[in-house]
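Asks: Mind having a look at this structure? Questions to follow.
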Amino acid sequence: MDSFLIKGPCRLQGTVEISGAKNAMLPLMAASILTGGECVLENVPELRDTLTMKHLLEVLGVPVELGGGRMVMDASRVDHHEAPYDLVRTMRASIYVLGPLVAKFGRARVSLPGGCAWGPRPINLHLLGLKALGAEIKIDHGYIDAAADRLRGNEIILSLPSVGATINLIMAAVLAEGKTVIENAAREPEVSALAAALKKSGAIIEGEGTSRLEIEGVSSIRPFRHRVIPDRVEAGTYAAAAVLTGGEVEISGCRPDHMTAVINKLTSCGAEIDMRDNGLLVRGPEVISPVDIETGFYPSFPTDMQAQMMAVLCRARGSSSVMEHVYTERFTHVPELRRFGAQIILDGSVAVVTGVDSLQGAPVMATDIRASSALILAGLVSEGETKVLRIYHIDRGYERIEEKLRALGADIQRIKS
Ligand code: EPU
């Protein structure tokens with residue numbers, strides 16, 4: 001397995017171009033199934049998860065061409081309705097084919113995703129919602145079997161504004177008979193991006209970006225051509241890296257309006273952040289101020305930035321608290337950050353981070369996408385060598401991270417094995 005070798009400390013300086021958002025692209029890929037035709041995506045990030053979803057679509061009978069940030073998916077001959085265990089276990093977002101398959105073909109068999117590195121990640125809301133739309137759901141030998149003649153619109157009240165459930169249910173409801181209302185829907189920009197693409201294709205959706213979605217089912221939708229929105233988590237990660245290293249980084253091609261909570265916290269840490277139409281200029285402070293973080297659903301501070309923010313706070317002057325409300329056990333980076341000399345006390349879903357004057361490079365192990373990027377950030381400001389093992393997680397979610405960091409002045413090499 002590849003690893004990264006980082007020699008620190010460094011101060012990042014320069015411009016970084018942000019890639020398309022993984023979490024916006026994956027639902028759009030699944031949504032191609034609904035159209036029964038050739039769909040095109042632009043600004044596609046070339047990630048491991050892109051290849052996993054491409055593989056899954058190909059298993060279903062959707063040939064996918066990918067190159068130069070452009071993807072063409074031909075969903076005119078879907079002839080298979082099963083998402084196998086081997087693909088779902090490497091990428092939970094494979095569950096996104098469930099809604100489209102059952103809406104378009106009346107049946108789907110999708111391996112049930114297990115837990116993940118930081119604890120349970122149930123999909124009960126996806127299944128309850130599909131049942132409300134009239135699907136018959138059975139769990140059979142580790143697979144979800146869903147069937148329906150034609151889905152029927154209904155009112156669905158989500159007990160939590162789950163991104164994944166909202167996305168799966170939008171895709172199911174666009175081809176259902178009649179009207180669906182989703183209350184307590186997720187408001188993340190990735191949900192609105194999906195709704196925008198589907199609306200261009202003839203779907204009738206109102207309320208995206210709010211907690212109440214109204215979807216009037218139609219009998220068919222047209223293929224789409226859509227540009228994937230910029231990755232707000234990738235942009236936030238580079239902004240955090242600029243702050244942590246006391247650097248000056250222009251983050252180009254991002255959407256500052258999707259990043260308000262992160263920008264506000266980094267500003268409270270002492271960063272100077274200039275917002276532009278299409279980017280940010282981030283100047284890190286000489287001394288990082290401690291801040292308290294509470295993750296939550298959009299527009300609150302994103303759980304996907306919690307680990308990177310914790311890496312920043314490891315160097316703050318004073319103590320900060322980090323409360324994780326979305327995934328209460330998402331702290332696998334804590335013992336690894338301690339290996340750099342960080343002082344973190346973890347009590348349930350609250351971490352208290354007391355900043356230290358310096359961190360020391362160490363061998364560390366990545367456990368998920370965002371934990372991995374936090375370890376890389378810590379390596380950038382640590383004295384000496386850091387080796388980050390198991391970086392396949394990073395390759396799932398960050399496009400060419402080592403090239404982008406090297407262009408900003410970091411000493412980071414991929415060690416192939
Ligand atoms: N939840 C349930 N039941 C469900 C679904 C969710 O209880 O049926 C709970 C979860 O346990 C969690 C909360 O609801 O406590 C939110 O989960 P959500 O469904 O919103 O998460 P997700 O759709 O599985 C997406 C992103 C994650 C990101 C979360 C939260 C994708 C492919 N994944 O996951 O991204 O952390 O939303 O914002 O969009 C990442 O990119 O590294 C990543 C993990």
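Residue numbering restarts at 1 in every chain; chains get A, B, ... in the order shown in the structure tokens, and ligands count up from 1 in that same order.
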Check every protein, DNA and RNA residue against ligand 1, keep those with an atom at most 7 Å away (counting only C-alpha atoms and all ligand atoms), and present them as a VMD selection string.
Replies: chain A and resid 23 to 24 26 93 120 to 126 160 to 165 297 302 to 304 326 to 327 369 to 370 397
Asks: Quick check for you: according to DSSP on this backbone, which residues of stretch 24-272 of chain A are classed as strand (DSSP E or B)? Reply as JSON, numbers by chain.
Replies: {"A": [38, 39, 40, 41, 42, 64, 65, 66, 67, 70, 71, 72, 73, 74, 82, 83, 107, 108, 109, 110, 111, 116, 119, 136, 137, 138, 139, 140, 143, 144, 145, 146, 147, 152, 155, 156, 157, 177, 179, 180, 181, 182, 183, 204, 205, 206, 212, 213, 214, 215, 216, 225, 226, 227, 230, 248, 249, 250, 251, 252, 272]}
Asks: To test your reading of the structure, identify every residue in stretch 34-193 of chain A that backbone DSSP assigns to helix (DSSP H, G or I), and report it as number ranges by chain.
Replies: A: 34-35, 48-60, 75-77, 85-90, 92-105, 124-132, 163-173, 189-193
Asks: Which residue, A:Val102, A:Met73, A:Ile394, A:Ile344, has the smallest gap to A:Arg225 when you use only C-alpha atoms?
Replies: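 Looking only at the distances to A:Arg225, the closest residue turns out to be A:Met73.
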Asks: Select, from A:Ala103, A:Met171, A:Ala261, A:Ala132, the residue with the minimum atom-to-atom distance to A:Leu198, counting only C-alpha atoms.
Replies: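 Among the listed residues, the smallest separation from A:Leu198 belongs to A:Met171.
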Asks: Set the distance at 12 Å and use only C-alpha atoms: which residues neighbour A:Ile139 once local chain neighbours fewer than 4 positions away are removed? I'd like the list as a compact mmCIF listing (two decimals) with C-alpha atoms, in the first residue's frame.
Replies:
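File written: around_8.txt
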# COMPACT_ATOMS: atom_id res chain seq x y z
CA ALA A 108 -33.00 -3.43 -7.03
CA ARG A 109 -30.72 -5.64 -5.02
CA VAL A 110 -28.00 -3.76 -3.17
CA SER A 111 -25.57 -5.17 -0.65
CA LEU A 112 -26.30 -3.79 2.82
CA PRO A 113 -23.43 -1.48 3.82
CA ASN A 124 -32.79 2.89 7.95
CA LEU A 127 -35.34 2.17 3.54
CA TYR A 143 -28.63 -7.74 0.54
CA ILE A 144 -31.47 -5.22 0.37
CA ASP A 145 -34.11 -6.46 -2.06
CA ALA A 146 -36.43 -3.69 -3.18
CA ALA A 147 -39.37 -4.08 -5.52
Asks: Between atom CA of A:Ile288 and atom CA of A:Asp357, what is the distance, to one decimal in Å?
Replies: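 The value is 10.7 Å.
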Asks: So that I can see what lies close to A:Ala241, please list as a PDB file with C-alpha atoms, in the first residue's frame the residues with an atom at most 10 Å from it, counting only C-alpha atoms and leaving out residues fewer than 5 positions away in the same chain.
Replies:
ATOM      1  CA  ARG A  11       4.756  27.294   5.186  1.00  0.00           C
ATOM      2  CA  LEU A  12       2.329  26.950   2.271  1.00  0.00           C
ATOM      3  CA  ALA A 235     -11.273  23.780  -0.357  1.00  0.00           C
ATOM      4  CA  GLY A 236     -11.725  23.844   3.422  1.00  0.00           C
ATOM      5  CA  GLY A 246       0.946  30.334   8.765  1.00  0.00           C
ATOM      6  CA  GLY A 247       0.979  30.493   4.974  1.00  0.00           C
ATOM      7  CA  GLU A 248      -0.748  32.486   2.275  1.00  0.00           C
ATOM      8  CA  VAL A 249      -2.809  30.454  -0.162  1.00  0.00           C
ATOM      9  CA  VAL A 282      -6.304  32.753   3.107  1.00  0.00           C
ATOM     10  CA  GLY A 284      -2.625  32.261   8.325  1.00  0.00           C
ATOM     11  CA  GLN A 308      -8.609  18.867   9.745  1.00  0.00           C
ATOM     12  CA  MET A 309      -9.769  21.602  12.138  1.00  0.00           C
ATOM     13  CA  ALA A 311      -5.093  19.392  13.417  1.00  0.00           C
ATOM     14  CA  VAL A 312      -5.131  23.207  13.271  1.00  0.00           C
ATOM     15  CA  SER A 373      -5.998  14.655   5.459  1.00  0.00           C
ATOM     16  CA  ALA A 374      -5.747  15.784   9.097  1.00  0.00           C
ATOM     17  CA  ILE A 376      -1.095  15.146   6.378  1.00  0.00           C
ATOM     18  CA  LEU A 377      -1.811  18.634   7.731  1.00  0.00           C
ATOM     19  CA  ALA A 378      -0.141  17.771  11.026  1.00  0.00           C
ATOM     20  CA  LEU A 380       3.252  19.669   7.247  1.00  0.00           C
ATOM     21  CA  VAL A 381       3.980  21.584  10.476  1.00  0.00           C
ATOM     22  CA  LEU A 405       0.662  20.476  -1.825  1.00  0.00           C
TER      23      LEU A 405
END
Asks: Nearest to A:Val291: which of A:Ile251, A:Cys269, A:Ile345, A:Ala366 is it, counting only C-alpha atoms?
Replies: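 Of all the options, A:Cys269 lies closest to A:Val291.
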Asks: Using only C-alpha atoms, which protein or nucleic acid residues come within 8 Å of A:Ile157? Drop anything in the same chain fewer than 5 positions from it, and give the result as a ChimeraX atom specification.
Replies: /A:182-184
Asks: What's the 8 Å shell around A:Thr50, counting only C-alpha atoms, without same-chain residues fewer than 4 positions away, as a list in words?
Replies: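 Using only C-alpha atoms, the neighbours found are Lys22, Leu26, Pro45, Glu46, Lys54 and Arg396 of chain A.
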Asks: Write the residues you've just listed into a file as a PDB file, in the first residue's frame, and include N, CA and C atoms for each of them.
Replies:
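This is the output file out.pdb:
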ATOM      1  N   LYS A  22     -16.577  15.254  -4.848  1.00  0.00           N
ATOM      2  CA  LYS A  22     -16.897  13.823  -4.833  1.00  0.00           C
ATOM      3  C   LYS A  22     -18.359  13.602  -4.418  1.00  0.00           C
ATOM      4  N   LEU A  26     -21.024  11.670  -7.040  1.00  0.00           N
ATOM      5  CA  LEU A  26     -21.495  10.282  -6.896  1.00  0.00           C
ATOM      6  C   LEU A  26     -23.012  10.163  -7.091  1.00  0.00           C
ATOM      7  N   PRO A  45     -13.862  14.890 -10.676  1.00  0.00           N
ATOM      8  CA  PRO A  45     -12.568  14.617 -10.041  1.00  0.00           C
ATOM      9  C   PRO A  45     -12.166  13.156 -10.276  1.00  0.00           C
ATOM     10  N   GLU A  46     -10.899  12.938 -10.607  1.00  0.00           N
ATOM     11  CA  GLU A  46     -10.466  11.555 -10.836  1.00  0.00           C
ATOM     12  C   GLU A  46      -9.956  10.981  -9.513  1.00  0.00           C
ATOM     13  N   LYS A  54     -17.862   4.162 -11.191  1.00  0.00           N
ATOM     14  CA  LYS A  54     -17.813   3.837 -12.630  1.00  0.00           C
ATOM     15  C   LYS A  54     -17.951   2.322 -12.793  1.00  0.00           C
ATOM     16  N   ARG A 396      -9.289   8.190  -2.227  1.00  0.00           N
ATOM     17  CA  ARG A 396     -10.732   8.090  -2.449  1.00  0.00           C
ATOM     18  C   ARG A 396     -11.359   9.470  -2.597  1.00  0.00           C
TER      19      ARG A 396
END
